>>> print(open('data-v5.csv').read())   # CSV, C-alpha atoms
chain,number,residue,atom,x,y,z
A,9,MET,CA,33.9,-42.1,-13.9
A,10,ARG,CA,31.6,-44.5,-12.1
A,11,GLU,CA,30.9,-43.8,-8.4
A,12,THR,CA,30.3,-46.6,-6.0
A,13,ILE,CA,29.3,-46.6,-2.3
A,14,SER,CA,32.4,-48.5,-1.4
A,15,GLU,CA,34.5,-45.5,-2.5
A,16,ILE,CA,33.0,-43.2,0.2
A,17,ASP,CA,35.4,-42.2,2.9
A,18,TYR,CA,33.3,-43.5,5.9
A,19,LEU,CA,35.7,-41.9,8.5
A,20,GLU,CA,35.2,-38.5,6.8
A,21,VAL,CA,31.4,-39.0,6.9
A,22,MET,CA,31.6,-39.7,10.7
A,23,GLU,CA,34.0,-36.8,11.4
A,24,TYR,CA,31.7,-34.2,9.8
A,25,SER,CA,28.4,-35.6,11.2
A,26,LEU,CA,26.5,-33.2,13.4
A,27,ASP,CA,25.6,-36.0,15.8
A,28,PRO,CA,28.1,-37.0,18.4
A,29,LEU,CA,29.5,-40.5,17.5
A,30,ILE,CA,31.7,-42.8,19.4
A,31,ILE,CA,33.2,-46.1,18.4
A,32,HIS,CA,34.4,-48.6,21.0
A,33,THR,CA,35.3,-52.2,21.3
A,34,ASP,CA,36.1,-54.4,24.3
A,35,TYR,CA,34.9,-51.5,26.5
A,36,ARG,CA,37.6,-49.2,25.1
A,37,ILE,CA,37.0,-46.1,23.1
A,38,ILE,CA,38.9,-46.1,19.8
A,39,TYR,CA,37.3,-43.0,18.1
A,40,LEU,CA,35.0,-40.1,18.6
A,41,ASN,CA,34.1,-37.4,16.1
A,42,GLN,CA,34.3,-33.6,16.3
A,43,ALA,CA,30.7,-33.3,17.4
A,44,ALA,CA,31.4,-35.7,20.3
A,45,GLU,CA,34.5,-33.7,21.3
A,46,THR,CA,32.3,-30.6,21.4
A,47,PHE,CA,29.5,-32.3,23.2
A,48,PHE,CA,31.6,-33.9,25.9
A,49,ARG,CA,33.9,-30.9,26.1
A,50,THR,CA,37.0,-33.0,25.6
A,51,THR,CA,39.5,-34.0,22.9
A,52,LYS,CA,40.2,-37.3,21.1
A,53,GLU,CA,43.5,-37.5,22.9
A,54,GLU,CA,41.9,-37.3,26.3
A,55,VAL,CA,39.2,-39.9,25.7
A,56,VAL,CA,40.5,-42.5,23.3
A,57,GLY,CA,41.6,-45.6,25.2
A,58,GLY,CA,39.2,-44.9,28.1
A,59,SER,CA,36.0,-46.8,28.9
A,60,PRO,CA,32.7,-45.8,27.4
A,61,LEU,CA,31.1,-46.7,30.7
A,62,ASP,CA,32.9,-43.7,32.3
A,63,ILE,CA,30.3,-41.3,31.0
A,64,PHE,CA,27.5,-43.0,32.9
A,65,LYS,CA,26.3,-42.8,36.5
A,66,GLU,CA,27.3,-45.8,38.7
A,67,THR,CA,23.7,-47.0,38.9
A,68,SER,CA,23.4,-47.3,35.1
A,69,LYS,CA,26.8,-49.0,34.4
A,70,ALA,CA,25.6,-52.6,34.8
A,71,SER,CA,22.7,-52.3,32.4
A,72,ILE,CA,24.8,-50.3,29.9
A,73,ARG,CA,27.5,-53.0,30.0
A,74,GLN,CA,24.9,-55.6,29.2
A,75,ARG,CA,23.5,-53.4,26.4
A,76,ILE,CA,26.9,-53.0,24.8
A,77,LYS,CA,27.5,-56.7,25.0
A,78,SER,CA,24.2,-57.5,23.2
A,79,ALA,CA,24.8,-54.8,20.6
A,80,TYR,CA,27.7,-56.8,19.1
A,81,GLY,CA,25.1,-59.1,17.7
A,82,LYS,CA,22.4,-56.6,16.6
A,83,PRO,CA,21.4,-52.9,16.9
A,84,ALA,CA,20.2,-52.0,20.3
A,85,GLU,CA,16.9,-50.1,20.9
A,86,VAL,CA,17.1,-46.3,21.4
A,87,ILE,CA,17.1,-45.5,25.1
A,88,GLU,CA,17.1,-42.3,27.2
A,89,GLU,CA,20.0,-42.0,29.7
A,90,THR,CA,21.9,-39.4,31.7
A,91,VAL,CA,25.5,-39.0,30.8
A,92,TYR,CA,28.3,-36.8,32.1
A,93,ARG,CA,30.6,-34.5,30.3
A,94,THR,CA,34.3,-34.4,31.3
A,95,ASP,CA,33.6,-31.2,33.3
A,96,GLY,CA,31.0,-33.2,35.4
A,97,THR,CA,27.8,-31.6,34.0
A,98,ALA,CA,25.0,-34.1,33.5
A,99,VAL,CA,23.0,-34.2,30.2
A,100,ASP,CA,19.9,-36.1,29.2
A,101,VAL,CA,20.5,-37.9,26.0
A,102,GLU,CA,19.1,-40.5,23.6
A,103,LEU,CA,21.5,-43.4,22.8
A,104,TYR,CA,21.5,-45.7,19.9
A,105,CYS,CA,24.3,-48.2,19.1
A,106,HIS,CA,24.9,-50.9,16.5
A,107,PRO,CA,27.7,-53.3,15.5
A,108,VAL,CA,30.3,-52.3,13.0
A,109,MET,CA,33.3,-54.2,11.6
A,110,ILE,CA,36.8,-52.8,11.8
A,111,GLY,CA,38.8,-55.2,9.7
A,112,ASP,CA,37.9,-58.6,11.1
A,113,LYS,CA,37.0,-57.2,14.6
A,114,LYS,CA,33.6,-56.3,15.8
A,115,ALA,CA,33.1,-52.9,17.4
A,116,ILE,CA,30.1,-50.7,18.5
A,117,GLN,CA,29.1,-47.4,17.1
A,118,THR,CA,27.1,-45.2,19.5
A,119,TYR,CA,25.1,-42.2,18.5
A,120,VAL,CA,24.5,-39.6,21.3
A,121,ARG,CA,21.6,-37.1,20.9
A,122,ASP,CA,21.1,-34.2,23.4
A,123,ILE,CA,17.5,-34.2,24.4
A,124,THR,CA,17.8,-31.5,27.1
A,125,LYS,CA,15.5,-29.0,25.4
A,126,ARG,CA,13.0,-31.7,24.6
A,127,LYS,CA,12.9,-32.8,28.2
A,128,GLU,CA,12.6,-29.2,29.4
A,129,ALA,CA,9.7,-28.6,27.0
A,130,GLN,CA,8.0,-31.8,28.1
A,131,LYS,CA,8.4,-30.8,31.8
A,132,LYS,CA,7.0,-27.3,31.0
A,133,GLN,CA,4.0,-28.9,29.2
A,134,ASN,CA,3.4,-31.4,32.0
A,135,ASP,CA,3.7,-28.7,34.7
A,136,MET,CA,1.3,-26.4,32.7
A,137,MET,CA,-1.2,-29.2,32.2
A,138,GLU,CA,-1.1,-30.1,35.9
A,139,GLU,CA,-1.6,-26.4,36.9
A,140,ILE,CA,-4.5,-26.0,34.5
A,141,ASN,CA,-6.1,-29.2,35.5
A,142,GLU,CA,-5.9,-28.3,39.1
A,143,LEU,CA,-7.3,-24.9,38.4
A,144,SER,CA,-10.1,-26.1,36.2
A,145,ALA,CA,-10.9,-28.9,38.5
A,146,THR,CA,-11.3,-26.5,41.4
A,147,LEU,CA,-13.6,-23.9,39.8
A,148,VAL,CA,-14.9,-22.2,42.9
A,149,PRO,CA,-18.6,-22.9,43.1
A,150,LEU,CA,-20.6,-20.2,44.8
A,151,MET,CA,-24.4,-20.6,44.5
A,152,ASN,CA,-27.2,-21.0,42.0
A,153,GLU,CA,-24.9,-22.6,39.3
A,154,ILE,CA,-22.4,-19.7,39.6
A,155,ALA,CA,-18.6,-20.3,39.9
A,156,VAL,CA,-15.4,-18.3,39.9
A,157,LEU,CA,-12.3,-19.1,37.8
A,158,PRO,CA,-9.5,-17.3,39.6
A,159,LEU,CA,-6.6,-16.8,37.2
A,160,SER,CA,-3.1,-16.1,38.6
A,161,GLY,CA,0.5,-15.7,37.7
A,162,LYS,CA,1.9,-15.4,34.2
A,163,ILE,CA,-0.3,-16.6,31.4
A,164,ASP,CA,1.5,-17.3,28.1
A,165,GLU,CA,0.0,-18.3,24.7
A,166,GLU,CA,0.2,-22.1,25.3
A,167,LYS,CA,-1.5,-21.8,28.7
A,168,ALA,CA,-4.3,-19.6,27.3
A,169,ARG,CA,-4.8,-22.1,24.5
A,170,LEU,CA,-5.2,-24.9,27.0
A,171,PHE,CA,-7.7,-22.9,29.0
A,172,LEU,CA,-9.7,-22.5,25.8
A,173,GLU,CA,-9.8,-26.3,25.4
A,174,ILE,CA,-10.3,-27.4,29.0
A,175,ILE,CA,-12.4,-24.8,30.8
A,176,PRO,CA,-15.6,-25.1,28.7
A,177,VAL,CA,-15.7,-28.9,29.3
A,178,LYS,CA,-15.2,-28.4,33.1
A,179,VAL,CA,-17.9,-25.7,33.2
A,180,LYS,CA,-20.4,-27.9,31.5
A,181,ASP,CA,-19.5,-30.9,33.7
A,182,GLN,CA,-20.2,-28.8,36.8
A,183,ASN,CA,-23.5,-27.5,35.4
A,184,ILE,CA,-22.4,-23.9,35.7
A,185,ASN,CA,-24.5,-21.2,34.0
A,186,HIS,CA,-22.5,-18.1,35.1
A,187,LEU,CA,-18.7,-18.1,35.3
A,188,ILE,CA,-16.8,-15.2,36.9
A,189,ILE,CA,-13.4,-15.0,35.3
A,190,ASP,CA,-11.2,-13.1,37.8
A,191,PHE,CA,-8.0,-11.6,36.5
A,192,SER,CA,-6.9,-9.9,39.7
A,193,GLY,CA,-4.0,-12.4,40.3
A,194,VAL,CA,-2.6,-12.2,36.8
A,195,TYR,CA,0.5,-10.1,36.4
A,196,THR,CA,1.5,-10.5,32.8
A,197,PHE,CA,0.1,-11.6,29.4
A,198,ASP,CA,0.3,-10.3,25.8
A,199,ASP,CA,-2.2,-9.4,23.0
A,200,ILE,CA,-2.4,-13.0,21.8
A,201,VAL,CA,-3.2,-14.2,25.3
A,202,VAL,CA,-5.9,-11.5,25.7
A,203,ASP,CA,-7.4,-12.7,22.4
A,204,HIS,CA,-7.5,-16.4,23.6
A,205,LEU,CA,-9.0,-15.5,26.9
A,206,PHE,CA,-11.8,-13.4,25.4
A,207,LYS,CA,-12.4,-16.2,22.9
A,208,LEU,CA,-13.1,-18.3,26.0
A,209,THR,CA,-16.1,-16.1,26.8
A,210,SER,CA,-17.4,-16.6,23.3
A,211,VAL,CA,-17.1,-20.3,23.5
A,212,LEU,CA,-18.9,-20.3,26.9
A,213,SER,CA,-21.6,-18.1,25.4
A,214,MET,CA,-22.3,-20.7,22.7
A,215,LEU,CA,-22.7,-23.3,25.4
A,216,GLY,CA,-25.2,-21.2,27.2
A,217,VAL,CA,-22.8,-20.0,29.9
A,218,ARG,CA,-22.6,-16.3,30.6
A,219,SER,CA,-19.2,-14.9,31.5
A,220,ILE,CA,-18.4,-12.0,33.8
A,221,VAL,CA,-14.8,-10.6,33.8
A,222,THR,CA,-13.4,-9.1,37.0
A,223,GLY,CA,-10.1,-7.8,38.3
A,224,LEU,CA,-8.7,-6.5,35.0
A,225,ARG,CA,-5.8,-4.1,35.6
A,226,PRO,CA,-5.8,-0.8,33.7
A,227,GLU,CA,-3.0,-1.9,31.3
A,228,PHE,CA,-4.8,-5.2,30.5
A,229,ALA,CA,-8.1,-3.3,29.9
A,230,MET,CA,-6.3,-1.0,27.5
A,231,LYS,CA,-5.0,-4.0,25.5
A,232,ALA,CA,-8.6,-5.4,25.4
A,233,ILE,CA,-10.0,-2.1,24.1
A,234,SER,CA,-7.4,-2.0,21.3
A,235,MET,CA,-8.5,-5.4,20.0
A,236,PRO,CA,-11.5,-6.4,17.9
A,237,ILE,CA,-13.4,-7.8,20.8
A,238,ASP,CA,-17.2,-7.2,21.5
A,239,LEU,CA,-16.5,-5.7,24.9
A,240,PRO,CA,-20.1,-4.4,25.5
A,241,SER,CA,-21.4,-8.0,25.4
A,242,ILE,CA,-19.1,-9.0,28.3
A,243,PRO,CA,-19.9,-7.6,31.8
A,244,MET,CA,-16.7,-6.3,33.3
A,245,LEU,CA,-16.6,-5.4,37.0
A,246,ALA,CA,-14.0,-4.5,39.5
A,247,THR,CA,-14.4,-7.4,42.0
A,248,VAL,CA,-16.0,-10.8,42.4
A,249,LYS,CA,-18.3,-9.2,45.0
A,250,ASP,CA,-19.4,-6.6,42.4
A,251,SER,CA,-20.2,-9.4,40.0
A,252,LEU,CA,-22.4,-11.2,42.5
A,253,SER,CA,-24.3,-7.9,43.1
A,254,TYR,CA,-24.6,-7.6,39.3
A,255,LEU,CA,-26.3,-11.1,39.4
A,256,GLY,CA,-28.7,-10.0,42.1
A,257,ILE,CA,-26.8,-11.8,44.9
A,258,ASN,CA,-26.1,-9.7,48.0
A,259,ILE,CA,-23.4,-10.8,50.4
>>> encode(input="data-v5.csv", output="structure tokens")
Amino acid sequence: MRETISEIDYLEVMEYSLDPLIIHTDYRIIYLNQAAETFFRTTKEEVVGGSPLDIFKETSKASIRQRIKSAYGKPAEVIEETVYRTDGTAVDVELYCHPVMIGDKKAIQTYVRDITKRKEAQKKQNDMMEEINELSATLVPLMNEIAVLPLSGKIDEEKARLFLEIIPVKVKDQNINHLIIDFSGVYTFDDIVVDHLFKLTSVLSMLGVRSIVTGLRPEFAMKAISMPIDLPSIPMLATVKDSLSYLGINI
């Protein structure tokens, strides 16, 4: 038996696609697949016959109408939009649509891809970069090329990795020879984070910058002791004031 592409059941391919798919013509929905039913929390019976514009916010409808109109001639570019499920919840999505022929009539096939997790990851990354840039840009200068890096909050692996990339550059830009890394405001991190943060002291050492660690809580100190870190080479003191005394500066 000789197989040809023309023998493929296109409707079956669409129905079992993992991506939500909608077909509409003349601003009227004529089909959506199982994935679209699940995504929009609806059924074919409830949606078929309705307008594809109904899933968009009012401020977007005019541009979407124009986009649909132009897509009868050629595929439209992928865009990001906010759409609404039938229960009213908003979702960030990517939309791609292109023309299809149904008999002798042109229609539009639209692909809907949920990008909520991607947007959340981007926001987290942007927030983290903003936080780290603010922190590294405001290394607290004290005197005689000495500064304090006050760490605070929760430090995860990604944040620790970014510290490792950004802090050495900032320290050299500010001509700092001694950096006091104060952990007193940190309330949680894990072994991987401890490893990254102590690698920071090694990188600074190679740049001629001496690190002093202050404010380590007992549980964090125990983690550091259990790891292959050359602790005797890193001065560890209780407070920033103690570290200044260690450097021969009395306040």
>>> closest_residue(input="data-v5.csv", among="A:Ala229, A:Val56, A:Leu29, A:Leu212", to="Asp199 in chain A", atoms="only C-alpha atoms")
A:Ala229
>>> residues_around(input="data-v5.csv", residues="Arg75 in chain A", least_positions_apart="5", cutoff="10 Å", atoms="only C-alpha atoms", output="PyMOL selection string")
chain A and resi 69-70+80+83-85+105
>>> residues_around(input="data-v5.csv", residues="range 216-225 of chain A", least_positions_apart="2", cutoff="6 Å", atoms="all atoms listed in the file", output="mmCIF file with C-alpha atoms, in the frame of the given file")
data_model
loop_
_atom_site.group_PDB
_atom_site.id
_atom_site.type_symbol
_atom_site.label_atom_id
_atom_site.label_comp_id
_atom_site.auth_asym_id
_atom_site.auth_seq_id
_atom_site.Cartn_x
_atom_site.Cartn_y
_atom_site.Cartn_z
ATOM 1 C CA ASN A 185 -24.500 -21.200 34.000
ATOM 2 C CA HIS A 186 -22.500 -18.100 35.100
ATOM 3 C CA LEU A 187 -18.700 -18.100 35.300
ATOM 4 C CA ILE A 188 -16.800 -15.200 36.900
ATOM 5 C CA ILE A 189 -13.400 -15.000 35.300
ATOM 6 C CA ASP A 190 -11.200 -13.100 37.800
ATOM 7 C CA PHE A 191 -8.000 -11.600 36.500
ATOM 8 C CA SER A 192 -6.900 -9.900 39.700
ATOM 9 C CA THR A 209 -16.100 -16.100 26.800
ATOM 10 C CA LEU A 212 -18.900 -20.300 26.900
ATOM 11 C CA SER A 213 -21.600 -18.100 25.400
ATOM 12 C CA MET A 214 -22.300 -20.700 22.700
ATOM 13 C CA GLU A 227 -3.000 -1.900 31.300
ATOM 14 C CA PHE A 228 -4.800 -5.200 30.500
ATOM 15 C CA PRO A 243 -19.900 -7.600 31.800
ATOM 16 C CA MET A 244 -16.700 -6.300 33.300
ATOM 17 C CA LEU A 245 -16.600 -5.400 37.000
ATOM 18 C CA ALA A 246 -14.000 -4.500 39.500
ATOM 19 C CA THR A 247 -14.400 -7.400 42.000
#
>>> atom_distance(input="data-v5.csv", atom1="CA of Ile30 in chain A", atom2="CA of Ala44 in chain A")
7.2 Å
>>> residues_around(input="data-v5.csv", residues="range 161-172 of chain A", least_positions_apart="6", cutoff="8 Å", atoms="only C-alpha atoms", output="PyMOL selection string")
chain A and resi 136-137+140+193-198+200-201+204-205+207-208
>>> residues_around(input="data-v5.csv", residues="Val179 in chain A", least_positions_apart="2", cutoff="9 Å", atoms="all atoms listed in the file", output="NGL selection string")
:A and (144 or 147 or 155 or 174-177 or 181-185 or 187 or 212 or 217)
>>> atom_distance(input="data-v5.csv", atom1="CA of Lys125 in chain A", atom2="CA of Ala79 in chain A")
27.8 Å
>>> atom_distance(input="data-v5.csv", atom1="CA of Asp34 in chain A", atom2="CA of Ala115 in chain A")
7.7 Å
>>> closest_residue(input="data-v5.csv", among="A:Ile63, A:Leu40, A:Ile110, A:Ala129", to="Glu20 in chain A", atoms="only C-alpha atoms")
A:Leu40
>>> residues_around(input="data-v5.csv", residues="Leu61 in chain A", least_positions_apart="6", cutoff="10 Å", atoms="all atoms listed in the file", output="list in words")
Tyr35, Arg36, Ile37, Ser68, Lys69, Ala70, Ile72, Arg73, Ile76 and Val91 of chain A
